[in-house]
Amino acid sequence: MSAHTTEGQPTLHRCRSCRTYTLSGTCPRCGGPAGTPHPAKYSPEDRYAKYRRALLADDRRKNTVDAPPRA
Ligand SMILES: [Zn+2]
């Protein structure tokens with residue numbers, strides 16, 4: 001009984017938070033999601049990250065630059 005599959009081989013993953021290498025999909029250190037060290041060029045997550053960064057920057061501006069009340 002031999003199954004012709006390569007899924008039995010361990011795949012090296014890397015935590016996206018603390019960059020810890022692990023063989024499971026979850027980081028043993030911080031419990032964060034671990035994925036393949038070499039992700040695709042275009043990932044939807046990256047897109048969202050870009051938007052989130054822009055939103056964060058915009059929010060910071062609004063918080064930092066406190067518009068003085070006009071008399
Ligand atoms: Zn981690």
# chains A, B, ... in the order shown; residues from 1 in each chain; ligands from 1
>>> residues_near_ligand(ligand="ligand 1", cutoff="10 Å", atoms="only C-alpha atoms and all ligand atoms", output="list in words")
Arg14, Cys15, Arg16, Ser17, Cys18, Arg19, Thr20, Tyr21, Thr22, Thr26, Cys27, Pro28, Arg29, Cys30, Gly31, Gly32, Pro33 and Ala34 of chain A
>>> atom_distance(atom1="atom CA of Arg47 of chain A", atom2="atom CA of His13 of chain A")
21.4 Å
>>> select_by_dssp(residues="segment 8-59 of chain A", states="alpha helix (DSSP H)", output="PyMOL selection string")
chain A and resi 44-59
>>> atom_distance(atom1="atom CA of Lys50 of chain A", atom2="atom CA of Pro37 of chain A")
19.7 Å
>>> atom_distance(atom1="atom CA of Gln9 of chain A", atom2="atom CA of Gly35 of chain A")
15.6 Å
